[in-house]
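K.L.:
The following block contains the structure, expressed as structure tokens.
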4 protein chains.
Amino acid sequence: MNTLNIGLVGYGFMGRTHSNAFHQAPRFFDLPMRPVLKAVCARNPERLRTFASNWGYESVETDWRALVDRKDIDLIDIASPNDTHHEIAIAAAKAGKMVMCEKPLGRDAKEAEAMVEAVESAGVANSVWYNYRRVPAVTMLKQLIDEGRLGRVFHYRAKFLQDWTISQDLPQGGEGLWRLDVKVAGSGVTGDLLAHCIDTALWLNGPITDVTAMTETFVKARKHNLTGRIEPVGIDDASAVLSRFANGSMATFEATRYARGHKALYTLEINGEHASAFWDLHDLHRIQYFDHADEGRVRGWRNIHVTDGDQPYMKRWWVPGLQIGYEHTFIHQFADFCCGIEDGTGAAPSFRDALATDYVTDAILASARSGKWEAVAS
Amino acid sequence: MNTLNIGLVGYGFMGRTHSNAFHQAPRFFDLPMRPVLKAVCARNPERLRTFASNWGYESVETDWRALVDRKDIDLIDIASPNDTHHEIAIAAAKAGKMVMCEKPLGRDAKEAEAMVEAVESAGVANSVWYNYRRVPAVTMLKQLIDEGRLGRVFHYRAKFLQDWTISQDLPQGGEGLWRLDVKVAGSGVTGDLLAHCIDTALWLNGPITDVTAMTETFVKARKHNLTGRIEPVGIDDASAVLSRFANGSMATFEATRYARGHKALYTLEINGEHASAFWDLHDLHRIQYFDHADEGRVRGWRNIHVTDGDQPYMKRWWVPGLQIGYEHTFIHQFADFCCGIEDGTGAAPSFRDALATDYVTDAILASARSGKWEAVAS
Amino acid sequence: MNTLNIGLVGYGFMGRTHSNAFHQAPRFFDLPMRPVLKAVCARNPERLRTFASNWGYESVETDWRALVDRKDIDLIDIASPNDTHHEIAIAAAKAGKMVMCEKPLGRDAKEAEAMVEAVESAGVANSVWYNYRRVPAVTMLKQLIDEGRLGRVFHYRAKFLQDWTISQDLPQGGEGLWRLDVKVAGSGVTGDLLAHCIDTALWLNGPITDVTAMTETFVKARKHNLTGRIEPVGIDDASAVLSRFANGSMATFEATRYARGHKALYTLEINGEHASAFWDLHDLHRIQYFDHADEGRVRGWRNIHVTDGDQPYMKRWWVPGLQIGYEHTFIHQFADFCCGIEDGTGAAPSFRDALATDYVTDAILASARSGKWEAVAS
Amino acid sequence: MNTLNIGLVGYGFMGRTHSNAFHQAPRFFDLPMRPVLKAVCARNPERLRTFASNWGYESVETDWRALVDRKDIDLIDIASPNDTHHEIAIAAAKAGKMVMCEKPLGRDAKEAEAMVEAVESAGVANSVWYNYRRVPAVTMLKQLIDEGRLGRVFHYRAKFLQDWTISQDLPQGGEGLWRLDVKVAGSGVTGDLLAHCIDTALWLNGPITDVTAMTETFVKARKHNLTGRIEPVGIDDASAVLSRFANGSMATFEATRYARGHKALYTLEINGEHASAFWDLHDLHRIQYFDHADEGRVRGWRNIHVTDGDQPYMKRWWVPGLQIGYEHTFIHQFADFCCGIEDGTGAAPSFRDALATDYVTDAILASARSGKWEAVAS
């Protein structure tokens, strides 16, 4: 069996989820190639060695350029902060490597456009880790929609609510907190949380044409971990959106880190003429499904425990009733990517697919500034 | 339109629920007769007058025998403590009155047998207020079972959990607390809470043939309100039962007033070969229904909000999505009773139906004493 | 005890809920006066007599002007379609009657302003039936907010989702369907469903200053019941809103009659620095409450079954665990109104309070037309 | 770092969960030794090689005696059917190996007693895979109980409901279906599902002293996969139990494979004087917790999403709000086992702990035969 030699950039939270996927995918899925954890790259040598040892990487690099230059690497996987995606991905593509990249693709659509151009020019396989597409319940919802079960869609609504930045004492910037530093992250919850909502929405319900939005920064200044000074907060703490889809349906979106009591409450709902569905990340192995074709007297939302062998991905895991968790979404995506290389179709979302999300989040941020409806580029 | 002249005995909690039913039933249902709140009877004249005035009773009596003797009364409704049911019901039947009686029918089956004999000899309409049969969700479950949707039944399980007697400082006996006085109540949770579970079970799933049971009295002595002395507690604080039904299914039952956190959690579930259903008093307007005939991939428990016009009783109330509450079960039962008089079929559960529950609770208490399986009389 | 002589206009759905409240309030609450159902007014004499008989009205009128002129009426209660509110309320106020009016107050703020002017000039007690304020769980949430338990509020979100107009075959106009006729209703879901969300939001979270909104009419033409012709649909079928509150918090609102699977799903959530709460009309007797002061390890959303005697209104009803339903909200409002007359404070929401909701819904409809943020009048 | 050389017996469902734990534990936990997947043993050589290759075992054996004899193995892990546990475990202990064994320990207490004797005589580390103790929510419940938060316990109730054997066409015996063959399994749901309930109950609530029980075999005969003939079914399809604990509390237990609609619904609830808790395997990352010390008006069951770093095991995984799944319970148990070797305390449940469960299940089966209360051996 061929090998797929992987070079990872970044050893933070996402470095762990990706590395775990590289190990687990071949044990639970029939992959057409054998992943090899060839090298991991980060700046702190001591922590890097610990990470490499723990996750079984064969070697380490402290400069991503060196990693990209290595001949024994087939795939560059980018799990470092947002401000690094652009440069690394383009260099990797130019070096003829396949590229997987954490979301969002770029800090804005301009960066993302260049990245798309790079991978498409190079003709290399590419994918962005919008992992929630691979929650079995969400994948099943996509199947149900594609089968035409919902009929004409009227409404889409999604939100991603967290509460971890409410304290004014939380600093910004530096490791673990770069998501609060607008220079590194590009934006706040819009590019971080809302981007997940948008990616799934585009996948399930097609293009978004127009948006109007508001954002808010509740805590205006925080100590910056890198400078030690109190500095203005440049990110959006919360973001709320109205939008229209090309299929005539309308949507509300919201993301925040100020919703006390919610840890990572990503919920989505879609209402069609014939059926509706609801999903909630906090119980990701369930989907609520309403089918109007059910006999009226006993019609109700079906609470589906997505753990059966005939439901997406689940025959690879345990037995009905036994749930999987968060990290499995990365395993599924990596397994699909490997199969996609083999059969030539690639693994969605591609860089181009992810660019569409950047167009929407750019329009959202533009609308929040202009106070007007903004058309989404495409 | 003919009138139905009602004489109520008792002005406690159940006196209120019944009186409310007498007023509300004719406004929401097409009754074949007009209920008239003719008289109410209780011992404390001052409180009696207040109650009569509040609920619009035309007159009062302080001796139930006087009430029973009145020529202008058609129906005696018994809402007084358990130890009074027997004597009043028999006298009322002998006087040719229709009789409605709070549950349990007798403090034991022996009392209940005499009551059945009395109403059947007299040929008077009769009914026992096992009100939970008239929760629309429960009534609909009965319909689904009668339509054969469940197939062969394997399991039944019900419990009624409360927590209001955990404190050792709670006294026993006297108004509002006679349920803790075994002489008045006959038993503890077995006759009070478990009797509801049994009545519904017999109605939905047919006769129970054998039981084995345990009871427990967690607080052994409490101050008695009537004597002022600490006295042994004679009631069962908790009761748990295994049983077999005539249809071959098996059951677990449990009732307690020591389940911290539960106010009145009466839940029941029935598992059949083809379908299952679950109901919960705390959200009485919902039923959970699982139909194995649903397509496998989208099979799940349907959460049915029983508020539509094609669901039992609900076309009489509001519009879909708007729930009704506890007292409506009494309104429904009284409306059914009035219609039952008219068409000659009576209103279930009759005294004879309720006697069956007393046979089961007697067997449960006997098994708790004997430590053996006990056959249920019939 | 003094009497309160009531004259009702309208015998539709709301005529029933109000009439029920007039009967039930004095039985369950200690009112300072005795309500008398003096007269009911509507145009169809036959149905009017049936209604009057069923609900115990002493007399009938077929012209509301005659009702308003009667000397034996203290309170005019308006339960007729929206296009009648304005004229009747002003005439009633001029005649010195107290006025209760179904929501929305006017079809637009201009009508509502005239109504406020009329009752305030006349100095008559007045109230608008935004009944959901009197759901015990919602009232309790108001108490918790007033006690300062939430701290600084960041987010408010509410939606009211129905699905009963999805079919294109449903006609517009005429009895039971006037809500689809823009001339009668004034607007579609914005004035009907969203107005409930706005009223509660203003009550719980203070003034809304700015909104941006979109509306949609999914079915563009329907047969009109009064003309028999296919006519354009003038109402909004769906409405979605972003808004800012004076307290610095932000909100999303949504209402629709095209959310397949939802009957009357009015939900609201408020997120504060210290605590959050969530409520859902489909289980109106519950509130979800999250208190960040709870010890971290065992912190979670508390599922509160609002049926205890120390929770709003509930000591008037049954015992813990036994839920009440939809119609009780009207009973509570009428009881509060009677007490408000007595102590001079009136019963919120007053006409002036309800005008504030009309200002918001006007701004929403204006924004949906203009595509811009609109300031809310006050 | 020292190595722990593992020899696994069995490559079925449990062989996969254990092998996964051996790989994952060292990546997520700081283990005092490095697990090495030295050898796997099973009878079918072809499938064995595939399994060994997939899971990275260094070698294979087709005779467990050869495995036990190998000098390069430190730990024998038994994941083969129940009828093999006894002989392998005793041989392994005699060979001085540490032993981990799937549950139930023996097919009956007699077998289990010999196994306990063997490991204790040999002085080897031992543990039984009652994995549900290591669900973070369940572990946290154990902590809360140990901290005295529940006070005096009144009630315990647990059930494990499945529906996968309802069809009469399902055969018994052979691979994947040996759980229906009484000779191999020892019993039906009592030793399979109910044993999980009992193990957790003993851990959380202490010794069970007496039981009364009933069992049922709904499908009396099934085709046997090994003989090809219709043979009587010897297992119990369903089991229901009442019991008393040494601490004075009472319990109900139930297990079945005939509860239509339930896949693997293991639920447990414990009611104490001060607090109660509920857990459900279908959403294993949650616990419902009721604390009576909460202020009355806002008291409710707390829905705790057990995914925070201060909750058991969770700091090893992702971030708050991101759930883990079924297989993690095995990872946790193996990590604890490794640490237990190091610090000398071992990893509960030991063989002796698991023997206690066999005593209870033996008493349950005896009571089902005798129709009497049976004392539990100890």
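All residue names refer to the structure tokens as shown: chains lettered A, B, ... in order, residues numbered from 1 in each chain, ligands numbered from 1 in order.
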Near chain D, meaning an atom within 6 Å, which residues of chain B appear when counting only C-alpha atoms? Write them as a list of chain:residue names.
P.N.:
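That gives the following set of residues: B:Ala259, B:Arg260, B:Gly261, B:Asn271, B:Ser276, B:Phe290, B:Lys372.
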K.L.:
Could you list, as a ChimeraX atom specification, every residue within 8 Å of stretch 80-93 of chain B, counting only C-alpha atoms and ignoring same-chain residues fewer than 4 positions away?
P.N.:
/B:9-12,14-15,64-65,68,76,97-99,101-107,111-112,114-115,118-119,122,124,178,183-186
K.L.:
Nearest to A:Phe13: which of D:Arg316, D:Arg149, D:Thr209, D:Met100 is it, counting only C-alpha atoms?
P.N.:
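Using only C-alpha atoms, A:Phe13 sits closest to D:Arg316.
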K.L.:
Would you list, as number ranges by chain, the residues of stretch 26-269 of chain A that end up in alpha helix (DSSP H) under DSSP run on this structure's backbone?
P.N.:
A: 26-28, 45-55, 64-69, 82-94, 109-122, 136-146, 182-185, 189, 195-205
K.L.:
Quick one: everything within 8 Å of A:His23, counting only C-alpha atoms, minus sequence neighbours fewer than 4 positions away in the same chain. Send it as a PDB file with N, CA and C atoms, in the first residue's frame.
P.N.:
ATOM      1  N   SER A  19      -3.687  15.224  14.328  1.00  0.00           N
ATOM      2  CA  SER A  19      -2.795  14.086  14.545  1.00  0.00           C
ATOM      3  C   SER A  19      -3.576  12.854  14.961  1.00  0.00           C
ATOM      4  N   ARG A  27      -7.336   2.832  11.243  1.00  0.00           N
ATOM      5  CA  ARG A  27      -7.800   1.700  12.048  1.00  0.00           C
ATOM      6  C   ARG A  27      -9.297   1.439  11.857  1.00  0.00           C
ATOM      7  N   PRO A  35      -1.272   6.517   6.021  1.00  0.00           N
ATOM      8  CA  PRO A  35      -0.749   7.805   6.470  1.00  0.00           C
ATOM      9  C   PRO A  35       0.517   7.602   7.318  1.00  0.00           C
TER      10      PRO A  35
END
K.L.:
Would you pick out the contacts of D:Glu327 at 10 Å or less, using only C-alpha atoms, so that residues sharing its chain but fewer than 5 positions from it are not included, and give the list as a list in words?
P.N.:
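So, after excluding close chain neighbours, the residues are Trp317, Trp318, Leu322, Gln323, Ile324 and Gly325 of chain A; Arg16, Thr17, His18, Asn20, Ala21, Gln24, Asn131, Val135 and His332 of chain D.
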K.L.:
Save out the residues we just selected, N, CA, C and O atoms, as a CSV table (one decimal), in the first residue's frame.
P.N.:
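Listed below is the output, again_25.csv:
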chain,number,residue,atom,x,y,z
A,317,TRP,N,-17.9,2.3,13.5
A,317,TRP,CA,-17.6,2.5,14.9
A,317,TRP,C,-18.2,1.3,15.7
A,317,TRP,O,-17.9,0.2,15.5
A,318,TRP,N,-19.1,1.6,16.6
A,318,TRP,CA,-19.5,0.6,17.6
A,318,TRP,C,-20.8,-0.1,17.3
A,318,TRP,O,-21.0,-0.6,16.2
A,322,LEU,N,-24.4,3.6,21.0
A,322,LEU,CA,-23.1,4.0,21.6
A,322,LEU,C,-22.6,5.1,20.7
A,322,LEU,O,-22.2,5.0,19.6
A,323,GLN,N,-22.5,6.3,21.4
A,323,GLN,CA,-22.2,7.5,20.7
A,323,GLN,C,-20.7,7.7,20.4
A,323,GLN,O,-19.9,7.2,21.1
A,324,ILE,N,-20.4,8.5,19.4
A,324,ILE,CA,-19.1,9.0,19.2
A,324,ILE,C,-19.0,10.4,19.6
A,324,ILE,O,-20.0,11.0,20.1
A,325,GLY,N,-17.8,11.0,19.5
A,325,GLY,CA,-17.6,12.4,20.0
A,325,GLY,C,-17.0,13.3,19.0
A,325,GLY,O,-17.1,13.1,17.8
D,16,ARG,N,-11.7,-4.9,19.8
D,16,ARG,CA,-11.5,-3.6,19.1
D,16,ARG,C,-11.5,-2.4,20.2
D,16,ARG,O,-10.6,-1.6,20.1
D,17,THR,N,-12.4,-2.5,21.1
D,17,THR,CA,-12.5,-1.4,22.1
D,17,THR,C,-11.2,-1.4,23.0
D,17,THR,O,-10.7,-0.3,23.3
D,18,HIS,N,-10.7,-2.6,23.3
D,18,HIS,CA,-9.5,-2.7,24.2
D,18,HIS,C,-8.3,-2.2,23.4
D,18,HIS,O,-7.5,-1.5,23.9
D,20,ASN,N,-8.1,-0.3,20.9
D,20,ASN,CA,-8.1,1.2,20.7
D,20,ASN,C,-7.7,1.9,22.0
D,20,ASN,O,-6.9,2.9,21.9
D,21,ALA,N,-8.0,1.3,23.1
D,21,ALA,CA,-7.6,1.9,24.4
D,21,ALA,C,-6.1,1.8,24.6
D,21,ALA,O,-5.5,2.8,25.1
D,24,GLN,N,-4.7,4.7,22.4
D,24,GLN,CA,-5.1,6.0,22.7
D,24,GLN,C,-4.7,6.5,24.1
D,24,GLN,O,-4.4,7.7,24.2
D,131,ASN,N,-16.8,-0.9,32.0
D,131,ASN,CA,-16.3,0.4,31.5
D,131,ASN,C,-17.1,1.6,31.9
D,131,ASN,O,-16.6,2.7,31.9
D,135,VAL,N,-17.2,6.5,32.5
D,135,VAL,CA,-17.9,7.7,31.9
D,135,VAL,C,-17.6,8.9,32.8
D,135,VAL,O,-17.9,8.8,34.0
D,332,HIS,N,-10.0,5.4,29.4
D,332,HIS,CA,-9.9,5.8,30.8
D,332,HIS,C,-9.5,4.7,31.7
D,332,HIS,O,-8.7,4.8,32.6
